[in-house]
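Here is the file target_32.tsv (TSV, C-alpha atoms).
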```tsv
chain	number	residue	atom	x	y	z
A	673	MET	CA	-49.53	16.43	8.00
A	674	SER	CA	-46.29	14.98	6.69
A	675	LEU	CA	-44.73	18.43	6.71
A	676	LYS	CA	-45.64	18.80	10.35
A	677	ARG	CA	-43.98	15.47	11.12
A	678	GLU	CA	-40.75	16.42	9.40
A	679	ILE	CA	-40.36	19.82	10.99
A	680	PRO	CA	-40.33	19.82	14.82
A	681	THR	CA	-42.71	22.75	15.19
A	682	THR	CA	-42.91	22.56	18.97
A	683	THR	CA	-39.16	22.74	19.42
A	684	LEU	CA	-38.83	25.49	16.83
A	685	SER	CA	-41.53	27.62	18.40
A	686	GLY	CA	-39.97	27.03	21.79
A	687	PHE	CA	-36.61	28.22	20.56
A	688	ALA	CA	-38.19	31.24	18.89
A	689	LEU	CA	-39.97	32.16	22.12
A	690	SER	CA	-36.78	31.71	24.15
A	691	GLY	CA	-34.87	33.90	21.72
A	692	LEU	CA	-37.50	36.63	21.92
A	693	LEU	CA	-37.45	36.53	25.70
A	694	VAL	CA	-33.65	36.69	25.81
A	695	LEU	CA	-33.75	39.73	23.51
A	696	THR	CA	-36.29	41.32	25.84
A	697	ILE	CA	-34.07	40.64	28.84
A	698	LEU	CA	-31.06	42.18	27.13
A	699	SER	CA	-32.91	45.25	25.97
A	700	ILE	CA	-34.46	45.86	29.37
A	701	LEU	CA	-31.23	45.22	31.23
A	702	LEU	CA	-29.37	47.59	28.93
A	703	GLN	CA	-31.90	50.25	29.77
A	704	ASN	CA	-31.65	49.44	33.46
A	705	ILE	CA	-29.87	52.65	34.27
A	706	PRO	CA	-31.37	54.06	37.50
A	707	ASN	CA	-31.88	57.54	36.06
A	708	LYS	CA	-33.99	56.39	33.16
A	709	ILE	CA	-36.35	54.26	35.19
A	710	GLN	CA	-36.81	56.78	37.95
A	711	THR	CA	-37.59	59.73	35.70
A	712	ALA	CA	-39.99	57.93	33.39
A	713	GLY	CA	-43.17	59.39	34.86
A	714	ASN	CA	-42.04	62.84	35.88
A	715	ALA	CA	-43.80	64.69	33.05
A	716	LEU	CA	-47.09	63.04	33.98
A	717	LEU	CA	-46.49	63.73	37.66
A	718	LYS	CA	-46.21	67.43	36.92
A	719	LEU	CA	-49.54	67.40	35.08
A	720	ASN	CA	-51.01	65.25	37.83
A	721	THR	CA	-50.71	67.97	40.44
A	722	THR	CA	-53.39	70.03	38.70
A	723	GLU	CA	-56.05	67.49	39.70
A	724	GLY	CA	-55.04	66.89	43.30
A	725	VAL	CA	-54.89	63.09	43.02
A	726	ALA	CA	-52.05	61.27	44.75
A	727	ASN	CA	-51.88	58.32	42.32
A	728	ALA	CA	-50.74	59.59	38.94
A	729	VAL	CA	-51.84	56.45	37.11
A	730	THR	CA	-55.42	57.01	38.25
A	731	THR	CA	-55.35	60.55	36.94
A	732	VAL	CA	-54.23	59.30	33.55
A	733	VAL	CA	-56.65	56.38	33.35
A	734	VAL	CA	-59.74	58.10	34.71
A	735	TYR	CA	-59.27	61.75	33.85
A	736	PHE	CA	-56.86	62.33	30.97
A	737	ARG	CA	-58.09	59.15	29.26
A	738	GLY	CA	-61.56	59.02	30.81
A	739	PHE	CA	-63.34	58.55	27.51
A	740	ASP	CA	-61.20	55.49	26.74
A	741	THR	CA	-62.18	54.02	30.09
A	742	LEU	CA	-65.83	54.46	29.13
A	743	GLY	CA	-65.07	52.55	25.93
A	744	GLU	CA	-63.32	49.77	27.85
A	745	ILE	CA	-66.32	49.41	30.11
A	746	ALA	CA	-68.54	49.19	27.05
A	747	VAL	CA	-66.29	46.42	25.67
A	748	LEU	CA	-66.54	44.50	28.95
A	749	PHE	CA	-70.31	44.96	28.93
A	750	ILE	CA	-70.53	43.54	25.41
A	751	ALA	CA	-68.37	40.56	26.42
A	752	SER	CA	-70.62	39.89	29.40
A	753	LEU	CA	-73.68	40.24	27.18
A	754	GLY	CA	-72.30	37.74	24.68
A	755	ILE	CA	-71.49	35.16	27.36
A	756	GLY	CA	-74.93	35.66	28.87
A	757	LEU	CA	-76.62	35.19	25.51
A	758	MET	CA	-74.66	32.06	24.63
A	759	LEU	CA	-74.43	30.31	27.98
A	760	HIS	CA	-77.41	31.45	30.02
A	761	SER	CA	-79.81	28.70	30.98
A	762	ASN	CA	-83.04	29.02	32.90
A	763	THR	CA	-83.04	25.52	34.33
A	764	LYS	CA	-82.54	25.42	38.07
A	765	CYS	CA	-79.45	23.57	39.07
A	766	ASN	CA	-80.41	20.25	40.63
A	767	ILE	CA	-77.08	19.10	41.99
A	768	LYS	CA	-77.52	17.21	45.24
A	769	ALA	CA	-73.86	16.68	46.00
A	770	GLU	CA	-72.36	19.33	48.25
A	771	SER	CA	-68.79	20.54	48.01
A	772	ASN	CA	-66.06	19.74	50.48
A	773	PHE	CA	-66.61	20.65	54.13
A	774	MET	CA	-63.21	22.36	54.37
A	775	LEU	CA	-63.98	24.50	51.33
A	776	GLN	CA	-67.34	25.56	52.76
A	777	THR	CA	-65.89	26.56	56.13
A	778	ALA	CA	-62.92	28.34	54.60
A	779	SER	CA	-65.14	30.23	52.18
A	780	ARG	CA	-67.26	31.49	55.09
A	781	LEU	CA	-64.06	32.82	56.67
A	782	LEU	CA	-62.50	34.21	53.51
A	783	PHE	CA	-65.48	35.75	51.72
A	784	PRO	CA	-65.86	38.85	53.97
A	785	ILE	CA	-62.11	39.49	53.86
A	786	ILE	CA	-62.03	39.29	50.06
A	787	MET	CA	-65.02	41.63	49.80
A	788	LEU	CA	-63.45	44.09	52.23
A	789	PHE	CA	-60.15	44.05	50.34
A	790	GLY	CA	-61.93	44.56	47.03
A	791	THR	CA	-63.87	47.51	48.37
A	792	TYR	CA	-60.68	48.98	49.84
A	793	VAL	CA	-58.81	48.68	46.54
A	794	MET	CA	-61.79	50.26	44.78
A	795	ILE	CA	-62.29	53.22	47.14
A	796	TYR	CA	-58.60	54.02	47.61
A	797	GLY	CA	-57.88	53.85	43.88
A	798	HIS	CA	-56.90	57.52	43.74
A	799	LEU	CA	-54.47	57.23	46.68
A	800	SER	CA	-52.76	53.85	46.32
A	801	PRO	CA	-52.17	51.30	43.56
A	802	GLY	CA	-55.36	49.66	42.43
A	803	GLY	CA	-58.69	51.06	41.42
A	804	GLY	CA	-62.01	50.19	39.93
A	805	PHE	CA	-60.98	47.43	37.56
A	806	GLN	CA	-58.86	45.57	40.10
A	807	GLY	CA	-61.33	46.02	42.96
A	808	GLY	CA	-64.21	44.88	40.79
A	809	VAL	CA	-62.41	41.73	39.73
A	810	ILE	CA	-61.40	40.98	43.35
A	811	ILE	CA	-65.06	41.21	44.34
A	812	ALA	CA	-65.96	38.93	41.43
A	813	SER	CA	-63.39	36.41	42.66
A	814	GLY	CA	-65.10	36.46	46.07
A	815	VAL	CA	-68.39	35.68	44.33
A	816	LEU	CA	-66.57	32.89	42.47
A	817	LEU	CA	-65.46	31.37	45.80
A	818	LEU	CA	-69.06	31.31	47.01
A	819	LEU	CA	-70.25	29.82	43.71
A	820	ILE	CA	-67.71	26.99	43.99
A	821	SER	CA	-68.32	26.23	47.64
A	822	HIS	CA	-72.10	26.66	47.97
A	823	LYS	CA	-73.66	25.12	44.90
A	824	ALA	CA	-77.16	26.50	45.56
A	825	PHE	CA	-75.81	30.06	45.78
A	826	GLU	CA	-76.76	32.43	43.00
A	827	VAL	CA	-76.44	36.17	42.58
A	828	PRO	CA	-79.96	37.44	41.84
A	829	HIS	CA	-80.29	38.65	38.29
A	830	SER	CA	-82.26	41.74	39.31
A	831	VAL	CA	-79.43	42.92	41.61
A	832	ILE	CA	-76.89	42.65	38.79
A	833	VAL	CA	-79.18	44.51	36.38
A	834	ALA	CA	-79.83	47.29	38.90
A	835	LEU	CA	-76.14	47.76	39.79
A	836	GLU	CA	-74.97	47.69	36.20
A	837	THR	CA	-77.62	50.09	34.97
A	838	PHE	CA	-76.96	52.49	37.83
A	839	ALA	CA	-73.20	52.44	37.21
A	840	GLY	CA	-73.39	52.89	33.44
A	841	VAL	CA	-75.98	55.68	33.58
A	842	SER	CA	-74.18	57.59	36.32
A	843	TYR	CA	-70.83	57.41	34.48
A	844	VAL	CA	-72.37	59.03	31.40
A	845	LEU	CA	-74.33	61.50	33.56
A	846	ILE	CA	-71.18	62.67	35.34
A	847	GLY	CA	-69.54	63.12	31.95
A	848	LEU	CA	-72.50	65.12	30.68
A	849	ILE	CA	-72.56	67.35	33.77
A	850	GLY	CA	-68.86	68.04	33.15
A	851	LEU	CA	-69.76	68.91	29.56
A	852	LEU	CA	-72.43	71.34	30.75
A	853	VAL	CA	-70.36	73.01	33.46
A	854	LEU	CA	-66.85	73.06	31.98
A	855	ASP	CA	-67.46	72.46	28.23
A	856	VAL	CA	-65.37	69.28	28.45
A	857	PHE	CA	-66.78	65.75	28.55
A	858	LEU	CA	-65.86	64.29	31.96
A	859	GLY	CA	-64.67	67.67	33.16
A	860	ASN	CA	-63.69	67.78	36.83
A	861	PHE	CA	-66.50	69.99	38.14
A	862	LEU	CA	-66.21	69.10	41.83
A	863	PRO	CA	-63.66	71.00	43.96
A	864	HIS	CA	-60.20	69.48	43.62
A	865	ASP	CA	-57.85	71.64	45.62
A	866	ILE	CA	-54.17	70.77	45.58
A	867	SER	CA	-53.95	71.19	49.35
A	868	GLN	CA	-56.35	68.25	49.81
A	869	MET	CA	-54.06	65.82	47.97
A	870	GLY	CA	-53.78	62.51	49.83
A	871	LEU	CA	-57.10	62.74	51.63
A	872	LEU	CA	-59.93	60.31	50.93
A	873	LEU	CA	-62.21	63.12	49.74
A	874	SER	CA	-59.93	64.67	47.16
A	875	GLY	CA	-59.61	64.82	43.42
A	876	GLY	CA	-63.15	65.91	42.57
A	877	ILE	CA	-64.96	63.39	40.39
A	878	ILE	CA	-62.04	60.97	39.95
A	879	PRO	CA	-62.72	58.73	42.99
A	880	LEU	CA	-66.45	58.83	42.17
A	881	ILE	CA	-65.79	57.58	38.66
A	882	TYR	CA	-63.45	54.86	39.89
A	883	ILE	CA	-66.07	53.60	42.36
A	884	ILE	CA	-68.61	53.53	39.52
A	885	VAL	CA	-66.16	51.60	37.33
A	886	GLY	CA	-65.62	49.17	40.21
A	887	ILE	CA	-69.35	48.53	40.64
A	888	LYS	CA	-69.80	47.95	36.93
A	889	VAL	CA	-66.77	45.68	36.50
A	890	GLY	CA	-67.65	43.71	39.63
A	891	SER	CA	-71.21	43.02	38.53
A	892	GLU	CA	-70.19	42.18	34.98
A	893	MET	CA	-67.40	39.79	36.01
A	894	SER	CA	-69.68	38.14	38.59
A	895	MET	CA	-72.25	37.57	35.87
A	896	ILE	CA	-69.64	36.08	33.51
A	897	VAL	CA	-68.33	33.72	36.19
A	898	GLN	CA	-71.83	32.72	37.28
A	899	ASN	CA	-72.95	31.99	33.74
A	900	LEU	CA	-69.88	29.84	33.10
A	901	ILE	CA	-70.19	27.87	36.33
A	902	LYS	CA	-73.96	27.37	36.29
A	903	ARG	CA	-73.74	26.16	32.72
A	904	ASP	CA	-71.13	23.72	33.93
A	905	TYR	CA	-73.51	22.22	36.47
A	906	ASP	CA	-76.36	21.90	34.00
A	907	VAL	CA	-74.43	19.98	31.36
B	73	MET	CA	-29.32	42.79	44.08
B	74	THR	CA	-32.36	43.94	42.11
B	75	GLY	CA	-30.59	43.00	38.91
B	76	PHE	CA	-30.11	39.45	40.12
B	77	ILE	CA	-33.79	39.18	41.06
B	78	ILE	CA	-34.79	40.49	37.65
B	79	LEU	CA	-32.42	38.10	35.87
B	80	GLY	CA	-33.55	35.12	37.93
B	81	THR	CA	-37.20	35.91	37.32
B	82	PHE	CA	-36.62	36.27	33.60
B	83	ILE	CA	-34.79	32.95	33.36
B	84	GLY	CA	-37.51	31.29	35.42
B	85	LEU	CA	-40.13	32.82	33.11
B	86	ILE	CA	-38.36	31.40	30.05
B	87	ILE	CA	-38.16	27.93	31.60
B	88	VAL	CA	-41.78	27.95	32.76
B	89	SER	CA	-43.14	29.24	29.46
B	90	PHE	CA	-41.13	26.65	27.53
B	91	ALA	CA	-42.50	23.98	29.83
B	92	ALA	CA	-46.01	25.35	29.23
B	93	ILE	CA	-45.54	24.92	25.48
B	94	VAL	CA	-44.26	21.35	25.53
B	95	GLN	CA	-46.81	19.93	27.98
B	96	LYS	CA	-48.89	17.05	26.64
B	97	LYS	CA	-51.95	17.78	28.81
B	98	LEU	CA	-53.67	21.13	28.33
B	99	ALA	CA	-54.56	21.44	32.03
B	100	ASP	CA	-50.86	21.33	32.94
B	101	SER	CA	-50.23	24.02	30.34
B	102	ILE	CA	-52.83	26.26	31.98
B	103	ILE	CA	-51.27	25.76	35.42
B	104	LEU	CA	-47.84	26.67	34.06
B	105	PHE	CA	-49.37	29.68	32.32
B	106	MET	CA	-50.49	30.85	35.75
B	107	GLY	CA	-46.85	30.52	36.80
B	108	VAL	CA	-45.84	32.81	33.92
B	109	GLY	CA	-48.39	35.32	35.18
B	110	LEU	CA	-46.96	35.18	38.70
B	111	GLY	CA	-43.44	35.80	37.42
B	112	SER	CA	-44.59	38.80	35.45
B	113	VAL	CA	-46.31	40.16	38.58
B	114	VAL	CA	-42.89	40.19	40.27
B	115	LEU	CA	-41.34	41.92	37.27
B	116	PHE	CA	-44.07	44.57	37.05
B	117	PHE	CA	-43.63	45.29	40.73
B	118	ILE	CA	-39.86	45.65	40.43
B	119	PHE	CA	-40.23	47.97	37.43
B	120	LYS	CA	-42.44	50.29	39.50
B	121	ALA	CA	-45.82	49.50	38.00
B	122	PRO	CA	-47.80	48.28	41.01
B	123	ASP	CA	-51.11	49.05	39.32
B	124	VAL	CA	-50.30	46.75	36.42
B	125	ALA	CA	-48.96	44.14	38.86
B	126	LEU	CA	-52.26	44.14	40.76
B	127	THR	CA	-54.22	43.86	37.52
B	128	GLU	CA	-52.08	40.98	36.29
B	129	ALA	CA	-52.34	39.18	39.63
B	130	VAL	CA	-56.11	39.43	39.70
B	131	ILE	CA	-57.08	39.10	36.06
B	132	GLY	CA	-54.18	37.24	34.45
B	133	VAL	CA	-53.65	34.67	37.18
B	134	GLY	CA	-57.11	34.44	38.71
B	135	ILE	CA	-60.01	35.01	36.38
B	136	SER	CA	-58.54	34.24	32.96
B	137	SER	CA	-57.08	30.89	34.00
B	138	LEU	CA	-60.46	30.03	35.52
B	139	ILE	CA	-62.10	30.81	32.18
B	140	PHE	CA	-59.49	28.68	30.38
B	141	LEU	CA	-60.14	25.78	32.74
B	142	MET	CA	-63.90	26.09	32.28
B	143	ALA	CA	-63.54	26.11	28.49
B	144	LEU	CA	-61.21	23.12	28.70
B	145	LYS	CA	-63.75	21.23	30.80
B	146	HIS	CA	-66.49	21.88	28.25
B	147	LEU	CA	-64.29	20.84	25.34
B	148	GLY	CA	-63.14	17.73	27.14
B	149	GLU	CA	-66.70	16.66	27.80
B	150	GLN	CA	-67.72	17.04	24.19
B	151	LYS	CA	-64.80	15.05	22.85
```
Now, as a test, write the supplied structure out as structure tokens.
Amino acid sequence: MSLKREIPTTTLSGFALSGLLVLTILSILLQNIPNKIQTAGNALLKLNTTEGVANAVTTVVVYFRGFDTLGEIAVLFIASLGIGLMLHSNTKCNIKAESNFMLQTASRLLFPIIMLFGTYVMIYGHLSPGGGFQGGVIIASGVLLLLISHKAFEVPHSVIVALETFAGVSYVLIGLIGLLVLDVFLGNFLPHDISQMGLLLSGGIIPLIYIIVGIKVGSEMSMIVQNLIKRDYDV
Amino acid sequence: MTGFIILGTFIGLIIVSFAAIVQKKLADSIILFMGVGLGSVVLFFIFKAPDVALTEAVIGVGISSLIFLMALKHLGEQK
């Protein structure tokens, strides 16, 4: 304790952080030559054209590293499971006090827009920036808005279970069908012609997988948020 | 012009993150941490990573700070 009083740890750590950030600035600014930044993804873009997907990042995340994405989803599922095990409570929430009138009205206006935007980000993940993870979390934030504003609101547990099971099983099933047809796990067995690039129905299984990822992430994050908030009311 | 935006955002990030460290109240720290997330969204977008920018905006600023605030509320009640 006395050592901590003698050495100003807060100031020292602040200076260390500032120094690190300054070094990062300098290194990035030194590399800020237009050629280097603009040619960074060209090798991937060349590979990307074989799958007929307009957004190269989606091709990498869902197709070239599709198995890693399955692992990430498993990690998120385990996190949701842990929070559900630790924080779930069966007692009905008996809060009489309602939230603010402005919040209720605004949430009625904003909730459909948030849901629509989340679905758009999810479905157009192979054409524009975004995708399953982002769209799922946007949908979960819409659910969060409803949970804050309407205190009696609750996402039914059976709906979450059905959505999550469907998404997880169909992800693995699509991978196994790819293994059967093309001898590669998560092989792109649907037609993915290069001439269709930029259309909504292009890229074979890649948009399908991203929609599945979006459903799974959305239901899991909604469950996490709901467990945290409901627990908050009960205490 | 882009260089000035990048430099300004970086300096703002340093100031905000330093302020987040030295705050006395943890809730203020979390709010400033959200500010750090917003600055990095701008940087990701300038450096041509809109996917990462969207992820940071949704997860880093939205959901994770909510989880921090919830945890802080629990801890504060038990104190």
Next item on the list: Rounded to one decimal place, report the CA of Gly84 (chain B)-CA of Val108 (chain B) distance in Å.
Entry: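 CA of Gly84 (chain B) sits 8.6 Å away from CA of Val108 (chain B).
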Margin query: Taking only C-alpha atoms into account, find every residue of chain A that has an atom no more than 7 Å from chain B, and write it out as a VMD selection string.
Written below: chain A and resid 682 686 690 693 697 801 to 802 806 809 to 810
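A straight line drawn from CA of Met106 (chain B) to CA of Gly132 (chain B) is 7.5 Å long.
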Notebook entry, point to check: For Thr837 (chain A), which of A:Ile901, A:Leu684, A:Val885, A:Leu873 is the closest residue, counting only C-alpha atoms?
Noted result: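 Selected residue with least distance to Thr837 (chain A): A:Val885.
Here CA of Gln95 (chain B) stands at a distance of 17.7 Å from CA of Leu147 (chain B).
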Checklist line | Nearby residues (only C-alpha atoms) at most 12 Å from region 715-732 of chain A, same-chain spacing under 2 positions excluded, as a PyMOL selection string | finding: (chain A and resi 710-713+734-741+794-805+859-883) or (chain B and resi 120-124)
